[in-house]
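What follows is the content of model08.csv (CSV, N, CA and C atoms).
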```
chain,number,residue,atom,x,y,z
Y,1,MET,N,0.9,-1.2,0.0
Y,1,MET,CA,0.0,0.0,0.0
Y,1,MET,C,0.9,1.2,0.0
Y,2,ILE,N,0.6,2.1,-0.9
Y,2,ILE,CA,1.4,3.4,-1.0
Y,2,ILE,C,0.6,4.5,-0.3
Y,3,GLN,N,1.1,5.1,0.7
Y,3,GLN,CA,0.4,6.2,1.4
Y,3,GLN,C,1.0,7.5,0.8
Y,4,THR,N,0.1,8.3,0.3
Y,4,THR,CA,0.5,9.6,-0.3
Y,4,THR,C,-0.4,10.7,0.3
Y,5,GLU,N,0.1,11.9,0.1
Y,5,GLU,CA,-0.6,13.1,0.6
Y,5,GLU,C,-1.7,13.5,-0.4
Y,6,ALA,N,-1.5,13.1,-1.7
Y,6,ALA,CA,-2.6,13.5,-2.7
Y,6,ALA,C,-2.5,12.6,-3.9
Y,7,LEU,N,-3.7,12.3,-4.4
Y,7,LEU,CA,-3.8,11.5,-5.6
Y,7,LEU,C,-4.4,12.3,-6.7
Y,8,ILE,N,-3.9,12.2,-7.9
Y,8,ILE,CA,-4.4,12.8,-9.1
Y,8,ILE,C,-4.7,11.8,-10.1
Y,9,VAL,N,-5.9,11.7,-10.6
Y,9,VAL,CA,-6.3,10.8,-11.7
Y,9,VAL,C,-6.3,11.5,-13.0
Y,10,GLY,N,-5.4,11.3,-13.9
Y,10,GLY,CA,-5.3,11.9,-15.1
Y,10,GLY,C,-4.0,12.8,-15.2
Y,11,ALA,N,-3.1,12.4,-16.2
Y,11,ALA,CA,-1.9,13.1,-16.3
Y,11,ALA,C,-1.9,14.1,-17.6
Y,12,GLY,N,-3.1,14.6,-17.8
Y,12,GLY,CA,-3.2,15.6,-18.9
Y,12,GLY,C,-2.8,17.0,-18.3
Y,13,PRO,N,-3.0,18.0,-19.1
Y,13,PRO,CA,-2.6,19.4,-18.6
Y,13,PRO,C,-3.2,19.8,-17.2
Y,14,VAL,N,-4.5,19.4,-17.0
Y,14,VAL,CA,-5.1,19.8,-15.7
Y,14,VAL,C,-4.4,19.0,-14.6
Y,15,GLY,N,-4.2,17.7,-14.8
Y,15,GLY,CA,-3.5,16.9,-13.7
Y,15,GLY,C,-2.1,17.4,-13.5
Y,16,LEU,N,-1.4,17.7,-14.5
Y,16,LEU,CA,0.0,18.2,-14.4
Y,16,LEU,C,0.0,19.5,-13.6
Y,17,PHE,N,-0.9,20.4,-14.0
Y,17,PHE,CA,-1.0,21.7,-13.3
Y,17,PHE,C,-1.4,21.5,-11.8
Y,18,GLN,N,-2.2,20.6,-11.6
Y,18,GLN,CA,-2.6,20.3,-10.2
Y,18,GLN,C,-1.4,19.8,-9.4
Y,19,ALA,N,-0.5,19.0,-10.0
Y,19,ALA,CA,0.7,18.5,-9.4
Y,19,ALA,C,1.6,19.7,-9.0
Y,20,PHE,N,1.6,20.7,-9.9
Y,20,PHE,CA,2.4,21.9,-9.7
Y,20,PHE,C,1.8,22.7,-8.5
Y,21,GLN,N,0.5,22.9,-8.5
Y,21,GLN,CA,-0.1,23.7,-7.4
Y,21,GLN,C,0.1,23.0,-6.1
Y,22,LEU,N,0.0,21.7,-6.0
Y,22,LEU,CA,0.3,20.9,-4.8
Y,22,LEU,C,1.7,21.1,-4.4
Y,23,GLY,N,2.6,21.0,-5.3
Y,23,GLY,CA,4.1,21.1,-5.0
Y,23,GLY,C,4.4,22.5,-4.4
Y,24,LEU,N,3.7,23.5,-4.9
Y,24,LEU,CA,3.9,24.9,-4.3
Y,24,LEU,C,3.5,24.9,-2.8
Y,25,GLN,N,2.6,24.0,-2.4
Y,25,GLN,CA,2.1,23.9,-1.0
Y,25,GLN,C,2.9,22.8,-0.3
Y,26,ASP,N,3.9,22.3,-0.9
Y,26,ASP,CA,4.7,21.2,-0.3
Y,26,ASP,C,3.9,20.0,0.0
Y,27,ILE,N,3.0,19.7,-0.9
Y,27,ILE,CA,2.2,18.5,-0.8
Y,27,ILE,C,2.6,17.5,-1.9
Y,28,ARG,N,3.1,16.4,-1.6
Y,28,ARG,CA,3.6,15.4,-2.5
Y,28,ARG,C,2.4,14.6,-3.1
Y,29,CYS,N,2.5,14.2,-4.4
Y,29,CYS,CA,1.4,13.5,-5.0
Y,29,CYS,C,1.8,12.3,-5.9
Y,30,HIS,N,0.8,11.5,-6.1
Y,30,HIS,CA,1.0,10.4,-7.1
Y,30,HIS,C,-0.1,10.7,-8.2
Y,31,VAL,N,0.3,10.4,-9.4
Y,31,VAL,CA,-0.6,10.7,-10.6
Y,31,VAL,C,-0.8,9.4,-11.3
Y,32,VAL,N,-2.1,9.0,-11.6
Y,32,VAL,CA,-2.4,7.8,-12.2
Y,32,VAL,C,-3.0,8.1,-13.6
Y,33,ASP,N,-2.6,7.4,-14.6
Y,33,ASP,CA,-3.2,7.7,-16.0
Y,33,ASP,C,-3.1,6.4,-16.8
Y,34,ALA,N,-4.1,6.2,-17.6
Y,34,ALA,CA,-4.2,5.0,-18.4
Y,34,ALA,C,-3.3,5.0,-19.6
Y,35,LEU,N,-2.9,6.1,-20.0
Y,35,LEU,CA,-2.0,6.2,-21.2
Y,35,LEU,C,-0.6,5.9,-20.8
Y,36,PRO,N,0.3,5.5,-21.8
Y,36,PRO,CA,1.7,5.2,-21.5
Y,36,PRO,C,2.6,6.4,-21.3
Y,37,GLN,N,2.1,7.6,-21.5
Y,37,GLN,CA,2.9,8.8,-21.3
Y,37,GLN,C,2.0,9.9,-20.7
Y,38,VAL,N,2.6,10.9,-20.2
Y,38,VAL,CA,1.9,12.0,-19.7
Y,38,VAL,C,1.4,12.9,-20.8
Y,39,GLY,N,0.4,13.7,-20.6
Y,39,GLY,CA,-0.1,14.6,-21.6
Y,39,GLY,C,-1.6,14.5,-22.0
Y,40,GLY,N,-2.2,13.3,-21.7
Y,40,GLY,CA,-3.6,13.2,-22.0
Y,40,GLY,C,-3.9,13.4,-23.4
Y,41,GLN,N,-5.1,13.8,-23.7
Y,41,GLN,CA,-5.6,14.1,-25.1
Y,41,GLN,C,-4.7,15.1,-25.7
Y,42,CYS,N,-4.2,16.1,-25.0
Y,42,CYS,CA,-3.4,17.2,-25.5
Y,42,CYS,C,-2.2,16.6,-26.3
Y,43,ALA,N,-1.6,15.7,-25.7
Y,43,ALA,CA,-0.4,15.1,-26.3
Y,43,ALA,C,-0.8,13.9,-27.3
Y,44,GLU,N,-1.8,13.2,-26.9
Y,44,GLU,CA,-2.2,12.0,-27.7
Y,44,GLU,C,-2.9,12.4,-29.0
Y,45,LEU,N,-3.8,13.4,-29.0
Y,45,LEU,CA,-4.5,13.7,-30.2
Y,45,LEU,C,-4.1,15.0,-30.8
Y,46,TYR,N,-3.5,15.9,-30.1
Y,46,TYR,CA,-3.3,17.3,-30.6
Y,46,TYR,C,-1.8,17.7,-30.4
Y,47,ALA,N,-0.9,16.8,-30.5
Y,47,ALA,CA,0.5,17.1,-30.2
Y,47,ALA,C,1.1,18.1,-31.1
Y,48,ASP,N,0.7,18.1,-32.4
Y,48,ASP,CA,1.2,19.1,-33.3
Y,48,ASP,C,0.3,20.2,-33.7
Y,49,LYS,N,-0.9,20.2,-33.1
Y,49,LYS,CA,-1.9,21.2,-33.4
Y,49,LYS,C,-1.6,22.5,-32.6
Y,50,PRO,N,-1.7,23.7,-33.2
Y,50,PRO,CA,-1.5,24.9,-32.5
Y,50,PRO,C,-2.6,25.2,-31.5
Y,51,ILE,N,-2.3,25.6,-30.3
Y,51,ILE,CA,-3.3,26.0,-29.3
Y,51,ILE,C,-3.1,27.5,-29.1
Y,52,TYR,N,-4.3,28.2,-29.1
Y,52,TYR,CA,-4.3,29.6,-28.9
Y,52,TYR,C,-4.9,30.1,-27.6
Y,53,ASP,N,-5.5,29.2,-26.8
Y,53,ASP,CA,-6.3,29.7,-25.7
Y,53,ASP,C,-5.7,29.3,-24.3
Y,54,ILE,N,-4.4,29.3,-24.2
Y,54,ILE,CA,-3.7,29.1,-22.9
Y,54,ILE,C,-3.4,30.5,-22.4
Y,55,PRO,N,-3.8,30.9,-21.2
Y,55,PRO,CA,-3.5,32.2,-20.7
Y,55,PRO,C,-2.0,32.5,-20.6
Y,56,GLY,N,-1.6,33.6,-21.1
Y,56,GLY,CA,-0.2,34.0,-21.1
Y,56,GLY,C,0.7,33.4,-22.2
Y,57,ILE,N,0.1,32.5,-23.0
Y,57,ILE,CA,0.9,31.9,-24.1
Y,57,ILE,C,0.2,32.1,-25.4
Y,58,PRO,N,0.7,33.0,-26.2
Y,58,PRO,CA,-0.1,33.3,-27.4
Y,58,PRO,C,-0.3,32.1,-28.4
Y,59,LEU,N,0.7,31.2,-28.4
Y,59,LEU,CA,0.7,30.1,-29.3
Y,59,LEU,C,1.6,29.0,-28.9
Y,60,CYS,N,1.2,27.8,-28.8
Y,60,CYS,CA,2.0,26.6,-28.6
Y,60,CYS,C,1.3,25.4,-29.1
Y,61,THR,N,2.0,24.3,-29.3
Y,61,THR,CA,1.4,23.1,-29.7
Y,61,THR,C,1.0,22.3,-28.4
Y,62,GLY,N,0.2,21.3,-28.6
Y,62,GLY,CA,-0.2,20.4,-27.5
Y,62,GLY,C,1.1,19.8,-26.8
Y,63,GLN,N,2.0,19.3,-27.6
Y,63,GLN,CA,3.2,18.7,-27.0
Y,63,GLN,C,4.1,19.8,-26.3
Y,64,GLU,N,4.2,21.0,-26.9
Y,64,GLU,CA,4.9,22.1,-26.2
Y,64,GLU,C,4.3,22.4,-24.9
Y,65,LEU,N,3.0,22.5,-24.8
Y,65,LEU,CA,2.4,22.7,-23.5
Y,65,LEU,C,2.7,21.7,-22.5
Y,66,ILE,N,2.6,20.4,-22.9
Y,66,ILE,CA,2.9,19.3,-22.0
Y,66,ILE,C,4.4,19.3,-21.6
Y,67,ASP,N,5.3,19.6,-22.5
Y,67,ASP,CA,6.7,19.7,-22.2
Y,67,ASP,C,7.0,20.8,-21.1
Y,68,GLN,N,6.3,22.0,-21.3
Y,68,GLN,CA,6.4,23.1,-20.3
Y,68,GLN,C,5.9,22.7,-19.0
Y,69,LEU,N,4.8,22.0,-18.9
Y,69,LEU,CA,4.2,21.6,-17.7
Y,69,LEU,C,5.1,20.6,-17.0
Y,70,GLN,N,5.7,19.7,-17.7
Y,70,GLN,CA,6.6,18.7,-17.1
Y,70,GLN,C,7.8,19.4,-16.5
Y,71,THR,N,8.3,20.5,-17.2
Y,71,THR,CA,9.4,21.2,-16.7
Y,71,THR,C,9.0,21.9,-15.4
Y,72,GLN,N,7.8,22.5,-15.4
Y,72,GLN,CA,7.3,23.2,-14.2
Y,72,GLN,C,7.1,22.3,-13.0
Y,73,ILE,N,6.8,21.0,-13.2
Y,73,ILE,CA,6.5,20.2,-12.0
Y,73,ILE,C,7.8,19.4,-11.6
Y,74,LYS,N,8.8,19.4,-12.4
Y,74,LYS,CA,10.0,18.6,-12.1
Y,74,LYS,C,10.6,18.8,-10.7
Y,75,PRO,N,10.7,20.0,-10.2
Y,75,PRO,CA,11.2,20.2,-8.8
Y,75,PRO,C,10.4,19.5,-7.8
Y,76,PHE,N,9.1,19.2,-8.0
Y,76,PHE,CA,8.3,18.6,-7.0
Y,76,PHE,C,8.2,17.1,-7.1
Y,77,ALA,N,8.8,16.5,-8.1
Y,77,ALA,CA,8.9,15.0,-8.3
Y,77,ALA,C,7.6,14.2,-8.0
Y,78,PRO,N,6.6,14.5,-8.7
Y,78,PRO,CA,5.4,13.7,-8.5
Y,78,PRO,C,5.7,12.3,-9.0
Y,79,GLN,N,5.0,11.3,-8.4
Y,79,GLN,CA,5.2,9.9,-8.8
Y,79,GLN,C,4.1,9.5,-9.8
Y,80,PHE,N,4.5,9.0,-10.9
Y,80,PHE,CA,3.6,8.6,-12.0
Y,80,PHE,C,3.3,7.1,-12.0
Y,81,HIS,N,2.1,6.8,-12.2
Y,81,HIS,CA,1.6,5.4,-12.4
Y,81,HIS,C,0.9,5.4,-13.8
Y,82,LEU,N,1.7,5.2,-14.9
Y,82,LEU,CA,1.2,5.2,-16.2
Y,82,LEU,C,0.8,3.8,-16.7
Y,83,GLN,N,-0.1,3.8,-17.7
Y,83,GLN,CA,-0.7,2.6,-18.2
Y,83,GLN,C,-1.4,1.8,-17.1
Y,84,GLU,N,-2.1,2.6,-16.2
Y,84,GLU,CA,-2.8,1.9,-15.1
Y,84,GLU,C,-4.2,2.6,-15.1
Y,85,LEU,N,-5.2,1.7,-15.2
Y,85,LEU,CA,-6.6,2.2,-15.1
Y,85,LEU,C,-7.1,2.1,-13.6
Y,86,VAL,N,-7.8,3.1,-13.2
Y,86,VAL,CA,-8.4,3.0,-11.9
Y,86,VAL,C,-9.5,2.0,-11.9
Y,87,SER,N,-9.4,1.0,-11.0
Y,87,SER,CA,-10.4,-0.1,-11.0
Y,87,SER,C,-11.3,0.1,-9.8
Y,88,GLU,N,-10.9,0.8,-8.8
Y,88,GLU,CA,-11.7,1.0,-7.6
Y,88,GLU,C,-11.2,2.3,-6.9
Y,89,LEU,N,-12.2,3.0,-6.4
Y,89,LEU,CA,-12.0,4.2,-5.6
Y,89,LEU,C,-13.0,4.2,-4.5
Y,90,LYS,N,-12.6,4.2,-3.2
Y,90,LYS,CA,-13.6,4.2,-2.2
Y,90,LYS,C,-13.0,4.9,-0.9
Y,91,ALA,N,-14.0,5.4,-0.2
Y,91,ALA,CA,-13.6,6.0,1.1
Y,91,ALA,C,-13.5,4.8,2.1
Y,92,THR,N,-12.5,4.9,3.0
Y,92,THR,CA,-12.3,3.9,4.0
Y,92,THR,C,-12.8,4.4,5.4
Y,93,GLU,N,-13.0,3.4,6.3
Y,93,GLU,CA,-13.4,3.7,7.6
Y,93,GLU,C,-12.4,4.6,8.4
Y,94,ASP,N,-11.1,4.5,8.0
Y,94,ASP,CA,-10.1,5.3,8.8
Y,94,ASP,C,-9.9,6.7,8.2
Y,95,GLY,N,-10.9,7.2,7.4
Y,95,GLY,CA,-10.9,8.5,6.9
Y,95,GLY,C,-9.9,8.8,5.8
Y,96,GLN,N,-9.7,7.8,4.9
Y,96,GLN,CA,-8.8,7.9,3.8
Y,96,GLN,C,-9.6,7.5,2.5
Y,97,TRP,N,-9.0,7.9,1.4
Y,97,TRP,CA,-9.4,7.4,0.1
Y,97,TRP,C,-8.5,6.3,-0.3
Y,98,HIS,N,-9.1,5.2,-0.8
Y,98,HIS,CA,-8.3,4.0,-1.3
Y,98,HIS,C,-8.5,3.9,-2.8
Y,99,LEU,N,-7.4,3.9,-3.5
Y,99,LEU,CA,-7.5,3.8,-5.0
Y,99,LEU,C,-6.7,2.6,-5.4
Y,100,GLN,N,-7.4,1.7,-6.2
Y,100,GLN,CA,-6.7,0.5,-6.8
Y,100,GLN,C,-6.7,0.6,-8.3
Y,101,THR,N,-5.6,0.1,-8.9
Y,101,THR,CA,-5.5,0.1,-10.4
Y,101,THR,C,-5.6,-1.3,-10.9
Y,102,ASP,N,-5.8,-1.4,-12.2
Y,102,ASP,CA,-5.9,-2.7,-12.8
Y,102,ASP,C,-4.5,-3.5,-12.8
Y,103,LYS,N,-3.5,-2.7,-12.5
Y,103,LYS,CA,-2.1,-3.4,-12.4
Y,103,LYS,C,-1.8,-3.7,-11.0
Y,104,GLY,N,-2.7,-3.5,-10.1
Y,104,GLY,CA,-2.5,-3.9,-8.7
Y,104,GLY,C,-1.9,-2.8,-7.8
Y,105,SER,N,-1.7,-1.6,-8.3
Y,105,SER,CA,-1.2,-0.6,-7.4
Y,105,SER,C,-2.3,-0.2,-6.4
Y,106,ASN,N,-2.0,0.0,-5.2
Y,106,ASN,CA,-2.9,0.4,-4.1
Y,106,ASN,C,-2.4,1.7,-3.5
Y,107,LEU,N,-3.1,2.7,-3.5
Y,107,LEU,CA,-2.7,4.0,-3.0
Y,107,LEU,C,-3.8,4.5,-2.0
Y,108,LYS,N,-3.3,5.2,-1.0
Y,108,LYS,CA,-4.2,5.8,0.0
Y,108,LYS,C,-3.9,7.2,0.2
Y,109,GLN,N,-4.9,8.0,0.4
Y,109,GLN,CA,-4.8,9.5,0.6
Y,109,GLN,C,-5.7,9.9,1.7
Y,110,PRO,N,-5.3,10.7,2.6
Y,110,PRO,CA,-6.3,11.2,3.6
Y,110,PRO,C,-7.4,12.0,3.0
Y,111,GLN,N,-8.6,11.9,3.6
Y,111,GLN,CA,-9.7,12.7,3.1
Y,111,GLN,C,-9.6,14.1,3.8
Y,112,TYR,N,-9.3,15.1,3.0
Y,112,TYR,CA,-9.1,16.4,3.6
Y,112,TYR,C,-10.5,17.1,3.6
Y,113,SER,N,-10.7,18.0,4.5
Y,113,SER,CA,-12.0,18.7,4.6
Y,113,SER,C,-11.9,20.1,4.0
Y,114,LEU,N,-10.7,20.6,3.7
Y,114,LEU,CA,-10.5,21.9,3.1
Y,114,LEU,C,-10.6,21.8,1.6
Y,115,PRO,N,-11.5,22.5,0.9
Y,115,PRO,CA,-11.6,22.4,-0.5
Y,115,PRO,C,-10.3,22.6,-1.3
Y,116,GLN,N,-9.5,23.6,-0.8
Y,116,GLN,CA,-8.2,23.9,-1.5
Y,116,GLN,C,-7.2,22.8,-1.4
Y,117,VAL,N,-7.4,21.9,-0.5
Y,117,VAL,CA,-6.4,20.8,-0.3
Y,117,VAL,C,-6.9,19.5,-0.7
Y,118,TRP,N,-8.3,19.3,-0.7
Y,118,TRP,CA,-8.8,18.0,-1.1
Y,118,TRP,C,-8.5,17.8,-2.6
Y,119,VAL,N,-7.9,16.7,-2.9
Y,119,VAL,CA,-7.4,16.5,-4.2
Y,119,VAL,C,-7.7,15.1,-4.7
Y,120,LEU,N,-8.6,15.0,-5.6
Y,120,LEU,CA,-8.8,13.8,-6.4
Y,120,LEU,C,-9.3,14.4,-7.7
Y,121,SER,N,-8.3,14.7,-8.6
Y,121,SER,CA,-8.6,15.4,-9.8
Y,121,SER,C,-8.9,14.4,-10.9
Y,122,PHE,N,-10.1,14.5,-11.5
Y,122,PHE,CA,-10.4,13.5,-12.5
Y,122,PHE,C,-10.6,14.2,-13.9
Y,123,ASN,N,-10.0,13.6,-14.9
Y,123,ASN,CA,-10.2,14.0,-16.3
Y,123,ASN,C,-11.1,13.0,-16.9
Y,124,ALA,N,-12.3,13.4,-17.2
Y,124,ALA,CA,-13.3,12.4,-17.7
Y,124,ALA,C,-13.2,12.1,-19.2
Y,125,ALA,N,-12.2,12.6,-19.8
Y,125,ALA,CA,-12.0,12.4,-21.2
Y,125,ALA,C,-11.8,10.9,-21.6
```
Is it possible to give me this structure as structure tokens?
Amino acid sequence: MIQTEALIVGAGPVGLFQAFQLGLQDIRCHVVDALPQVGGQCAELYADKPIYDIPGIPLCTGQELIDQLQTQIKPFAPQFHLQELVSELKATEDGQWHLQTDKGSNLKQPQYSLPQVWVLSFNAA
């Protein structure tokens, strides 16, 4: 069982940015994604497509955005569990979240009551 401060489901742009925000608060996290690499749909489907709607960035491709996000989170060293599907997510009696993947990874995170710290970020794509 891996005990972590925070779990993020989805390693797309939102999940990567969440890892950055947690890192700024000195909260360590684990990121689970079904794809074999980080980036989600942004990297998988739109890697070479120009993106114009990222605040503060006039133009970049999907892959450039993911590369920049990976650079941004590097100091915080999030742990990635790639090519793993979430098979179960449940609240436990001891006040934690338990997440299990199809590859047998078991992770636990405390259930936080403060909205700015409670982290289970899902990308429904």
query = Excluding same-chain residues fewer than 2 positions from Y:Cys60, what lies within 9 Å of it counting only C-alpha atoms, as a PyMOL selection string?
reply = chain Y and resi 48-52+54+57-58+62-65
note = Closest of Y:Gly12, Y:Gly95, Y:Gly104, Y:Pro110 to Y:Asp67, counting only C-alpha atoms, is Y:Gly12
query = What separation in Å, quoted to one decimal, exists between atom CA of Y:Ala47 and atom CA of Y:Lys103?
reply = 27.3 Å
Near stretch 28-43 of chain Y, 6.5 Å: stretch 82-118 of chain Y residue rows, closest pairs, only N, CA and C atoms, as JSON lines:
```
{"residue": "Y:Leu82", "atom": "CA", "partner": "Y:Asp33", "partner_atom": "C", "distance": 4.5}
{"residue": "Y:Gln83", "atom": "N", "partner": "Y:Leu35", "partner_atom": "C", "distance": 3.8}
{"residue": "Y:Glu84", "atom": "N", "partner": "Y:Ala34", "partner_atom": "CA", "distance": 3.9}
{"residue": "Y:Leu85", "atom": "N", "partner": "Y:Ala34", "partner_atom": "CA", "distance": 4.7}
```
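Checking Y:Leu59, Y:Leu99, Y:Ala19, Y:Ala91 one by one against Y:Ala77, counting only N, CA and C atoms, you find the shortest gap at Y:Ala19.
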